[in-house]
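> Sharing a structure below in structure tokens format, with a few things to ask.
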Amino acid sequence: MNTRRLAILAVLIGAALAYYSFDLGRYLSLDFFKSQQAAIETWRAAQPVTAALIYFLAYVAVTGLSLPGAAVMTLAGGAIFGLLWGTLLVSFASTIGATLAFLVSRFLLRDWVEQRFGERLRTINAGIEREGGFYLLALRLVPAFPFFMINLAMGLTAIRTRTFYWVSQIGMFLGTVVYVNAGTQLAKIESLSGILSPGIVVSFALLGIFPLVAKKILERLRARKVYAGWNKPPRFDRNLVVIGAGSAGLVTAYIAAAVKAKVTLIEKHKLGGDCLNTGCVPSKALIRSAKLLSHMRRSAEFGIRETKAEFDFAEVMERVQNVIKAVEPHDSAERYTELGVEVIEGTAKIVSPWEVELTRNDGAAERLTTRSIVIAAGARPFVPPIPGIENTGYLTSDTVWNLRQLPQRLVVLGGGPIGSELTQTFARLGAEVTQVEMAPRILIREDPEVSELVTRRFRDEGIAVLVNHKAKQFVIERGEKILIAEHEGRDVRISFDGLLVAVGRVANLKGYGLEELGIPAERTVTTNEFLQTKFPNIYAAGDVAGPYQFTHTAAHQAWYAAVNALFDPFKKFRADYSVIPWATFVDPEAARVGLNEIEAKERGIPFEVTVYGIDDLDRAIADGEAHGFVKVLTVPGKDKILGVTIVGEHAGDLIAEYVLAMRHGIGLNKILGTIHIYPTLAEANKYAAGVWKKAHAPQKLLEWVARFHAWRRG
């Protein structure tokens with residue numbers, strides 16, 4: 001704590017001690033004032049300006065120091081200065097004093113509170129930034145809430161001082177008038193409780209609801225302004241139209257049909273979106289084939305002297321297509337039609353907030369009217385505008401599945417999850433792979449030891465991992481394709497036969513009416529916490545909305561989009577991103593939920609780290625997969641989980657226990673107390689909890705227990 005904080009704290013403590021030591025509170029009691037009322041009124045009549053100034057400063061001091069007595073001083077203001085001048089003096093003095101208390105709380109306590117409760121306070125501050133004025137006004141309008149507590153609590157939040165002042169000035173005004181007016185009749189008042197009759201209390205409670213009602217009214221007024229110039233149909237053909245049949249679109253349509261809404265799902269390509277056709281399903285099918293080959297090459301580790309694999313790359317890729325076909329019925333038009341969804345293959349364009357222009361694949365066109373719309377248009381691979389890239393040709397995660405001949409030399413541009421998964425997979429299938437990443441390491445979003453472990457495995461498998469290499473140009477020289485990359489100020493030339501671009505994905509924002517309707521969309525469609533766009537009845541979910549580009553988060557968002565679209569204004573829910581897991585399916589797998597060390601440090605969130613090495617796990621040793629770790633971040637001194645990173649075999653499956661724990665507030669102690677089957681990889685989670693428990697063992701108590709046992713031995 002710095003010198004200024006210590007000085008202010010010393011003044012506050014000194015003032016509080018003086019107040020209670022000298023029993024100064026007796027001067028702020030109702031009985032004392034009534035006994036001195038005549039003398040005070042005589043003094044005020046003789047020196048009105050001086051009396052008003054002293055009263056004003058005293059009121060500011062009492063409220064600024066959060067001392068009891070403000071209610072009596074308000075009554076005194078009415079008795080001494082009358083209703084008009086008493087109200088003016090009290091209104092401004094109480095607001096200034098409250099603001100001083102607010103600032104003192106912020107200066108002395110906010111940093112400490114943020115360090116201790118940073119993540120929880122972050123959530124509160126997000127709400128305060130959105131609607132802090134409404135929250136404060138609702139509290140100020142109900143005198144049942146102790147105002148000094150409101151002052152101190154608000155100082156710990158991110159609400160602006162200016163907002164705090166003017167909202168307090170307005171919110172406390174009615175209560176001030178009631179008390180000052182009561183003060184004008186001070187002789188009739190026997191106690192403070194007599195001021196607030198049941199009728200007045202109910203009236204104030206109703207006033208407390210007013211900001212919430214006002215908020216709804218403002219929302220309606222904003223909506224009317226947004227919809228100005230658009231003609232709303234008198235009735236609607238449908239409750240909901242969903243544009244895009246990827247994960248977000250399918251789940252949205254499913255939920256709408258489940259609650260008996262009339263819903264139309266429009267898809268211009270294939271149902272299932274990227275995940276089924278070009279993403280999750282085909283990549284995991286290919287990874288599985290490649291992993292089988294890697295195990296066969298490791299046969300000596302398992303006591304098998306020699307194995308031999310004969311395969312045709314084209315047949316491996318055909319297996320991938322067969323897997324897609326096997327999963328396809330889950331996302332088929334037939335299934336969703338049976339569920340009650342109207343499925344249409346074609347293109348959609350939003351032409352008004354309630355109308356979608358549909359062009360079927362057979363050329364037929366029609367216009368649909370709908371109460372709500374959900375945009376779930378997905379994303380596509382991003383191809384950077386590097387000179388020469390079009391001339392050399394390239395593959396993306398969308399087109400790589402058309403390959404039937406394995407490139408002998410493959411360059412993979414990108415070190416993120418998609419690039420890393422396909423890098424290892426093609427290397428295991430026999431390609432000579434060079435991975436090029438401009439960042440200092442691959443898997444840059446993960447902690448450094450994760451990147452290091454995966455990079456080491458890649459290089460052990462013969463992959464050239466080139467980090468800090470920025471692709472500058474693609475050229476063709478004497479029929480050979482060459483990538484020129486910059487590394488530490490010099491050019492590096494990399495020859496290749498095939499190029500796979502995997503540097504990220506961009507949302508699909510063009511071609512379905514966003515521009516025409518003026519719906520903001522830069523990198524993604526701009527939405528609020530309810531997934532609403534500029535128009536409250538148009539929602540966005542999945543990759544097109546962000547902030548995460550995972551199939552499971554798209555499905556997660558779809559629930560909020562569907563429910564909000566169908567039941568607003570009666571009820572709607574804010575999308576919750578508090579516990580989002582993901583995995584990168586390289587070998588070893590890397591999975592995470594919540595914070596890692598990098599993010600915790602960036603956000604200034606205190607944490608402890610517990611690490612359990614999977615090389616010590618019996619099942620991992622038996623399986624020949626004794627590598628990796630479980631790393632858990634917890635609140636210092638507590639077993640509350642802030643985040644978990646797992647690297648190792650089946651990490652994407654093992655993380656589920658921690659996802660459940662974080663979602664439902666389960667700590668490491670309860671994970672430790674849960675029976676895990678032996679021998680399984682899941683025991684790693686229990687042993688990680690055990691490492692934490694050992695580090696937090698009560699050493700002093702154990703010393704006494706040791707003495708107890710020694711005493712029992714005689």
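Each chain in the structure tokens gets a letter, A, B, ..., in the order shown, and its residues are numbered from 1; ligands are numbered from 1 in order too.
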Could you pull the residues within 8 Å of region 641-657 of chain A, counting only C-alpha atoms, minus those fewer than 2 positions along the same chain, as a PyMOL selection string?
chain A and resi 450+581-585+587-596+607+614+620+625+627-635+639+659-662+666-668+681-682+685
> Can you list, as JSON, numbers by chain, all residues belonging to region 479-636 of chain A that DSSP tags as strand (DSSP E or B)?
{"A": [480, 481, 482, 483, 484, 485, 486, 487, 490, 491, 492, 493, 494, 495, 496, 498, 499, 500, 501, 505, 506, 507, 521, 525, 532, 538, 539, 540, 581, 582, 583, 584, 589, 590, 591, 592, 593, 594, 608, 609, 610, 611, 612, 613, 629, 630, 631, 632, 633, 634]}
> For the residues in the current selection, export N, CA and C atoms as a tab-separated table (two decimals), in the first residue's frame.

chain	number	residue	atom	x	y	z
A	480	GLU	N	9.69	-25.64	-60.81
A	480	GLU	CA	9.63	-26.00	-59.39
A	480	GLU	C	8.97	-24.88	-58.59
A	481	LYS	N	8.04	-25.27	-57.71
A	481	LYS	CA	7.36	-24.31	-56.86
A	481	LYS	C	8.22	-24.01	-55.63
A	482	ILE	N	8.34	-22.71	-55.31
A	482	ILE	CA	9.21	-22.30	-54.21
A	482	ILE	C	8.50	-21.24	-53.36
A	483	LEU	N	8.57	-21.44	-52.06
A	483	LEU	CA	8.13	-20.42	-51.11
A	483	LEU	C	9.35	-19.66	-50.62
A	484	ILE	N	9.29	-18.33	-50.72
A	484	ILE	CA	10.34	-17.49	-50.16
A	484	ILE	C	9.81	-16.91	-48.85
A	485	ALA	N	10.45	-17.28	-47.75
A	485	ALA	CA	10.04	-16.83	-46.42
A	485	ALA	C	11.16	-16.02	-45.79
A	486	GLU	N	10.78	-15.03	-45.00
A	486	GLU	CA	11.77	-14.20	-44.31
A	486	GLU	C	11.98	-14.73	-42.91
A	487	HIS	N	13.25	-14.93	-42.55
A	487	HIS	CA	13.60	-15.43	-41.22
A	487	HIS	C	14.83	-14.68	-40.72
A	490	ARG	N	16.67	-12.53	-43.32
A	490	ARG	CA	17.17	-13.12	-44.56
A	490	ARG	C	16.09	-14.00	-45.18
A	491	ASP	N	16.23	-14.23	-46.48
A	491	ASP	CA	15.27	-15.04	-47.21
A	491	ASP	C	15.62	-16.51	-47.13
A	492	VAL	N	14.59	-17.33	-46.91
A	492	VAL	CA	14.74	-18.79	-46.90
A	492	VAL	C	13.87	-19.34	-48.03
A	493	ARG	N	14.46	-20.20	-48.87
A	493	ARG	CA	13.74	-20.77	-50.01
A	493	ARG	C	13.34	-22.21	-49.69
A	494	ILE	N	12.05	-22.49	-49.85
A	494	ILE	CA	11.51	-23.81	-49.53
A	494	ILE	C	10.80	-24.36	-50.76
A	495	SER	N	11.30	-25.44	-51.31
A	495	SER	CA	10.69	-26.06	-52.48
A	495	SER	C	9.55	-26.98	-52.05
A	496	PHE	N	8.52	-27.06	-52.88
A	496	PHE	CA	7.37	-27.89	-52.51
A	496	PHE	C	6.63	-28.36	-53.76
A	498	GLY	N	3.16	-29.46	-53.03
A	498	GLY	CA	1.80	-29.09	-52.63
A	498	GLY	C	1.84	-28.06	-51.53
A	499	LEU	N	0.85	-27.16	-51.52
A	499	LEU	CA	0.76	-26.11	-50.50
A	499	LEU	C	-0.60	-26.18	-49.83
A	500	LEU	N	-0.59	-26.26	-48.52
A	500	LEU	CA	-1.83	-26.24	-47.74
A	500	LEU	C	-1.85	-24.96	-46.91
A	501	VAL	N	-2.84	-24.11	-47.14
A	501	VAL	CA	-2.96	-22.85	-46.42
A	501	VAL	C	-3.92	-23.05	-45.25
A	505	ARG	N	-9.64	-18.78	-40.25
A	505	ARG	CA	-10.91	-18.77	-40.96
A	505	ARG	C	-11.58	-17.41	-40.80
A	506	VAL	N	-12.34	-17.01	-41.80
A	506	VAL	CA	-13.05	-15.73	-41.75
A	506	VAL	C	-14.54	-15.98	-41.91
A	507	ALA	N	-15.33	-15.17	-41.22
A	507	ALA	CA	-16.78	-15.33	-41.25
A	507	ALA	C	-17.34	-15.00	-42.63
A	521	ALA	N	-21.03	-5.50	-39.47
A	521	ALA	CA	-20.29	-6.76	-39.57
A	521	ALA	C	-18.90	-6.44	-40.09
A	525	VAL	N	-20.33	-10.84	-37.49
A	525	VAL	CA	-21.56	-10.07	-37.34
A	525	VAL	C	-21.59	-9.52	-35.92
A	532	GLN	N	-28.27	-10.69	-30.40
A	532	GLN	CA	-29.09	-9.88	-31.30
A	532	GLN	C	-28.19	-8.95	-32.12
A	538	ILE	N	-33.33	-10.14	-35.33
A	538	ILE	CA	-32.36	-10.86	-36.16
A	538	ILE	C	-31.15	-11.21	-35.29
A	539	TYR	N	-30.85	-12.50	-35.24
A	539	TYR	CA	-29.78	-13.02	-34.37
A	539	TYR	C	-28.67	-13.62	-35.23
A	540	ALA	N	-27.50	-13.82	-34.61
A	540	ALA	CA	-26.40	-14.52	-35.28
A	540	ALA	C	-25.77	-15.49	-34.30
A	581	PRO	N	-14.47	-25.26	-23.45
A	581	PRO	CA	-13.32	-26.14	-23.67
A	581	PRO	C	-12.98	-26.27	-25.15
A	582	TRP	N	-11.77	-26.70	-25.44
A	582	TRP	CA	-11.41	-27.06	-26.81
A	582	TRP	C	-10.21	-27.99	-26.80
A	583	ALA	N	-9.98	-28.63	-27.93
A	583	ALA	CA	-8.86	-29.56	-28.05
A	583	ALA	C	-8.26	-29.45	-29.44
A	584	THR	N	-6.95	-29.64	-29.51
A	584	THR	CA	-6.25	-29.75	-30.78
A	584	THR	C	-5.82	-31.20	-30.92
A	589	GLU	N	-2.44	-35.14	-27.93
A	589	GLU	CA	-3.53	-34.18	-27.95
A	589	GLU	C	-3.30	-33.07	-26.92
A	590	ALA	N	-3.81	-31.89	-27.24
A	590	ALA	CA	-3.72	-30.75	-26.32
A	590	ALA	C	-5.13	-30.22	-26.11
A	591	ALA	N	-5.59	-30.24	-24.86
A	591	ALA	CA	-6.96	-29.80	-24.55
A	591	ALA	C	-6.91	-28.77	-23.44
A	592	ARG	N	-7.88	-27.87	-23.48
A	592	ARG	CA	-7.90	-26.81	-22.46
A	592	ARG	C	-9.32	-26.37	-22.17
A	593	VAL	N	-9.53	-25.92	-20.91
A	593	VAL	CA	-10.75	-25.24	-20.51
A	593	VAL	C	-10.36	-24.13	-19.55
A	594	GLY	N	-10.99	-22.98	-19.69
A	594	GLY	CA	-10.68	-21.88	-18.78
A	594	GLY	C	-9.33	-21.25	-19.09
A	608	GLU	N	-2.48	-20.25	-8.63
A	608	GLU	CA	-1.47	-21.26	-8.30
A	608	GLU	C	-1.48	-22.31	-9.39
A	609	VAL	N	-0.32	-22.92	-9.62
A	609	VAL	CA	-0.20	-23.95	-10.66
A	609	VAL	C	0.08	-25.30	-10.01
A	610	THR	N	-0.68	-26.31	-10.43
A	610	THR	CA	-0.44	-27.68	-10.02
A	610	THR	C	-0.24	-28.52	-11.27
A	611	VAL	N	0.85	-29.28	-11.31
A	611	VAL	CA	1.16	-30.08	-12.50
A	611	VAL	C	1.36	-31.53	-12.09
A	612	TYR	N	0.70	-32.41	-12.83
A	612	TYR	CA	0.92	-33.86	-12.67
A	612	TYR	C	1.42	-34.41	-13.99
A	613	GLY	N	2.57	-35.06	-13.97
A	613	GLY	CA	3.15	-35.63	-15.17
A	613	GLY	C	2.53	-36.98	-15.50
A	629	PHE	N	1.07	-34.04	-19.58
A	629	PHE	CA	0.83	-33.56	-18.22
A	629	PHE	C	-0.59	-33.05	-18.07
A	630	VAL	N	-1.00	-32.92	-16.82
A	630	VAL	CA	-2.23	-32.22	-16.46
A	630	VAL	C	-1.81	-31.00	-15.66
A	631	LYS	N	-2.19	-29.82	-16.12
A	631	LYS	CA	-1.83	-28.58	-15.41
A	631	LYS	C	-3.11	-27.87	-15.01
A	632	VAL	N	-3.24	-27.61	-13.71
A	632	VAL	CA	-4.45	-27.00	-13.17
A	632	VAL	C	-4.09	-25.66	-12.54
A	633	LEU	N	-4.84	-24.63	-12.91
A	633	LEU	CA	-4.72	-23.32	-12.28
A	633	LEU	C	-5.85	-23.16	-11.27
A	634	THR	N	-5.51	-22.78	-10.05
A	634	THR	CA	-6.50	-22.61	-9.00
A	634	THR	C	-6.35	-21.25	-8.33
> CA of Glu432 (chain A) and CA of Gln408 (chain A) are how many Å apart?
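Straight-line distance from CA of Glu432 (chain A) to CA of Gln408 (chain A) works out to 6.0 Å.
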> Each residue of region 58-94 of chain A lying at most 12 Å from region 38-47 of chain A should get a row with its shortest atom-to-atom pair and the distance in Å to one decimal, counting only C-alpha atoms; could you produce that, ordered by chain and increasing number, as a tab-separated table?

residue	atom	partner	partner_atom	distance
A:Ala76	CA	A:Ile40	CA	9.7
A:Gly77	CA	A:Glu41	CA	10.7
A:Gly78	CA	A:Glu41	CA	11.2
A:Ala79	CA	A:Glu41	CA	8.3
A:Ile80	CA	A:Glu41	CA	5.8
A:Phe81	CA	A:Arg44	CA	8.3
A:Gly82	CA	A:Glu41	CA	10.9
> Contacts of Leu292 (chain A) at 10 Å or less, counting only C-alpha atoms, minus same-chain residues fewer than 4 places along, as a VMD selection string?
chain A and resid 287 to 288 296 to 298 309 428 to 429
> Give me the residues within 12 Å of Ser94 (chain A) as a PyMOL selection string, counting only C-alpha atoms and dropping any in the same chain fewer than 6 places off.
chain A and resi 55-66+69-71+73-74+77+86-88+100-102+140+147-148+151+165-166+168-173+175-176
> Which residues are near Leu286 (chain A)? Cut-off 8 Å, only C-alpha atoms, ignore same chain within fewer than 4 positions. Put them as a list in words.
Pro282, Ala290, Val316, Met317, Val320 and Thr425 of chain A
> Any idea what the distance is between CA of Phe474 (chain A) and CA of Thr392 (chain A)?
6.8 Å
> Which residues are close to region 256-259 of chain A, i.e. within 7 Å by only C-alpha atoms, leaving aside same-chain residues fewer than 4 positions away? Reply as a PyMOL selection string.
chain A and resi 252+263+339-341+562
> Quick one: residues within 6 Å of region 458-468 of chain A, only C-alpha atoms, excluding same-chain residues fewer than 5 positions away - as a PyMOL selection string?
chain A and resi 433-441
> The selected residues should be written to file as a PDB file, in the first residue's frame (atoms: all heavy atoms).

ATOM      1  N   VAL A 433       6.928 -33.041 -44.952  1.00  0.00           N
ATOM      2  CA  VAL A 433       6.145 -31.858 -44.591  1.00  0.00           C
ATOM      3  C   VAL A 433       7.026 -30.794 -43.948  1.00  0.00           C
ATOM      4  O   VAL A 433       7.837 -31.083 -43.060  1.00  0.00           O
ATOM      5  CB  VAL A 433       4.987 -32.222 -43.640  1.00  0.00           C
ATOM      6  CG1 VAL A 433       4.154 -30.980 -43.323  1.00  0.00           C
ATOM      7  CG2 VAL A 433       4.102 -33.296 -44.258  1.00  0.00           C
ATOM      8  N   THR A 434       6.831 -29.564 -44.405  1.00  0.00           N
ATOM      9  CA  THR A 434       7.458 -28.397 -43.787  1.00  0.00           C
ATOM     10  C   THR A 434       6.337 -27.483 -43.296  1.00  0.00           C
ATOM     11  O   THR A 434       5.496 -27.040 -44.079  1.00  0.00           O
ATOM     12  CB  THR A 434       8.336 -27.628 -44.790  1.00  0.00           C
ATOM     13  OG1 THR A 434       9.346 -28.498 -45.298  1.00  0.00           O
ATOM     14  CG2 THR A 434       8.985 -26.421 -44.117  1.00  0.00           C
ATOM     15  N   GLN A 435       6.335 -27.237 -41.996  1.00  0.00           N
ATOM     16  CA  GLN A 435       5.331 -26.344 -41.413  1.00  0.00           C
ATOM     17  C   GLN A 435       5.947 -24.969 -41.217  1.00  0.00           C
ATOM     18  O   GLN A 435       6.992 -24.823 -40.584  1.00  0.00           O
ATOM     19  CB  GLN A 435       4.823 -26.892 -40.077  1.00  0.00           C
ATOM     20  CG  GLN A 435       3.692 -26.078 -39.467  1.00  0.00           C
ATOM     21  CD  GLN A 435       3.192 -26.656 -38.150  1.00  0.00           C
ATOM     22  OE1 GLN A 435       3.915 -27.372 -37.459  1.00  0.00           O
ATOM     23  NE2 GLN A 435       1.950 -26.358 -37.799  1.00  0.00           N
ATOM     24  N   VAL A 436       5.287 -23.935 -41.766  1.00  0.00           N
ATOM     25  CA  VAL A 436       5.808 -22.572 -41.730  1.00  0.00           C
ATOM     26  C   VAL A 436       4.877 -21.709 -40.890  1.00  0.00           C
ATOM     27  O   VAL A 436       3.687 -21.587 -41.182  1.00  0.00           O
ATOM     28  CB  VAL A 436       5.926 -21.996 -43.158  1.00  0.00           C
ATOM     29  CG1 VAL A 436       6.449 -20.563 -43.111  1.00  0.00           C
ATOM     30  CG2 VAL A 436       6.830 -22.870 -44.015  1.00  0.00           C
ATOM     31  N   GLU A 437       5.427 -21.105 -39.841  1.00  0.00           N
ATOM     32  CA  GLU A 437       4.643 -20.281 -38.918  1.00  0.00           C
ATOM     33  C   GLU A 437       5.410 -18.991 -38.640  1.00  0.00           C
ATOM     34  O   GLU A 437       6.595 -19.014 -38.293  1.00  0.00           O
ATOM     35  CB  GLU A 437       4.395 -21.040 -37.614  1.00  0.00           C
ATOM     36  CG  GLU A 437       3.811 -20.217 -36.475  1.00  0.00           C
ATOM     37  CD  GLU A 437       2.505 -19.524 -36.842  1.00  0.00           C
ATOM     38  OE1 GLU A 437       1.591 -20.194 -37.346  1.00  0.00           O
ATOM     39  OE2 GLU A 437       2.431 -18.298 -36.644  1.00  0.00           O
ATOM     40  N   MET A 438       4.734 -17.845 -38.777  1.00  0.00           N
ATOM     41  CA  MET A 438       5.398 -16.562 -38.576  1.00  0.00           C
ATOM     42  C   MET A 438       5.578 -16.220 -37.100  1.00  0.00           C
ATOM     43  O   MET A 438       6.429 -15.403 -36.747  1.00  0.00           O
ATOM     44  CB  MET A 438       4.619 -15.451 -39.275  1.00  0.00           C
ATOM     45  CG  MET A 438       3.242 -15.190 -38.731  1.00  0.00           C
ATOM     46  SD  MET A 438       2.322 -13.950 -39.704  1.00  0.00           S
ATOM     47  CE  MET A 438       3.355 -12.510 -39.455  1.00  0.00           C
ATOM     48  N   ALA A 439       4.797 -16.828 -36.211  1.00  0.00           N
ATOM     49  CA  ALA A 439       4.915 -16.574 -34.766  1.00  0.00           C
ATOM     50  C   ALA A 439       6.133 -17.318 -34.199  1.00  0.00           C
ATOM     51  O   ALA A 439       6.703 -18.193 -34.858  1.00  0.00           O
ATOM     52  CB  ALA A 439       3.646 -17.011 -34.056  1.00  0.00           C
ATOM     53  N   PRO A 440       6.533 -16.992 -32.960  1.00  0.00           N
ATOM     54  CA  PRO A 440       7.707 -17.644 -32.370  1.00  0.00           C
ATOM     55  C   PRO A 440       7.520 -19.132 -32.099  1.00  0.00           C
ATOM     56  O   PRO A 440       8.502 -19.846 -31.873  1.00  0.00           O
ATOM     57  CB  PRO A 440       7.919 -16.881 -31.053  1.00  0.00           C
ATOM     58  CG  PRO A 440       7.175 -15.604 -31.215  1.00  0.00           C
ATOM     59  CD  PRO A 440       6.027 -15.902 -32.111  1.00  0.00           C
ATOM     60  N   ARG A 441       6.260 -19.614 -32.097  1.00  0.00           N
ATOM     61  CA  ARG A 441       6.013 -21.033 -31.844  1.00  0.00           C
ATOM     62  C   ARG A 441       4.657 -21.414 -32.410  1.00  0.00           C
ATOM     63  O   ARG A 441       3.812 -20.556 -32.660  1.00  0.00           O
ATOM     64  CB  ARG A 441       6.070 -21.344 -30.345  1.00  0.00           C
ATOM     65  CG  ARG A 441       5.153 -20.499 -29.487  1.00  0.00           C
ATOM     66  CD  ARG A 441       5.444 -20.705 -28.005  1.00  0.00           C
ATOM     67  NE  ARG A 441       4.625 -19.840 -27.167  1.00  0.00           N
ATOM     68  CZ  ARG A 441       3.407 -20.143 -26.716  1.00  0.00           C
ATOM     69  NH1 ARG A 441       2.876 -21.319 -27.036  1.00  0.00           N
ATOM     70  NH2 ARG A 441       2.726 -19.320 -25.958  1.00  0.00           N
TER      71      ARG A 441
END
> Just give me the gap between CA of Asp568 (chain A) and CA of Val356 (chain A) in Å, one decimal is fine.
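If I compute the distance from CA of Asp568 (chain A) to CA of Val356 (chain A), I get 20.1 Å.
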> As a PyMOL selection string, please: every residue in region 430-652 of chain A that a backbone DSSP assignment puts in alpha helix (DSSP H).
chain A and resi 448-460+514-517+551-567+597-603+618-622+651-652
> Between A:Tyr678, A:Phe382, A:Tyr336, A:Trp401, which one has atoms that come closest to Gly272 (chain A), using only C-alpha atoms?
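Of A:Tyr678, A:Phe382, A:Tyr336, A:Trp401, the one nearest Gly272 (chain A), counting only C-alpha atoms, is A:Tyr336.
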> Which residue gives the smallest distance to Phe535 (chain A) among A:Leu136, A:Leu517, A:Glu602, A:Thr307, with only C-alpha atoms counted?
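That would be A:Leu517, the residue with the smallest distance to Phe535 (chain A).
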> From the options A:Leu672, A:Ala18, A:Ala697, A:Leu75, which residue's atoms come nearest to Tyr658 (chain A), counting only C-alpha atoms?
A:Leu672
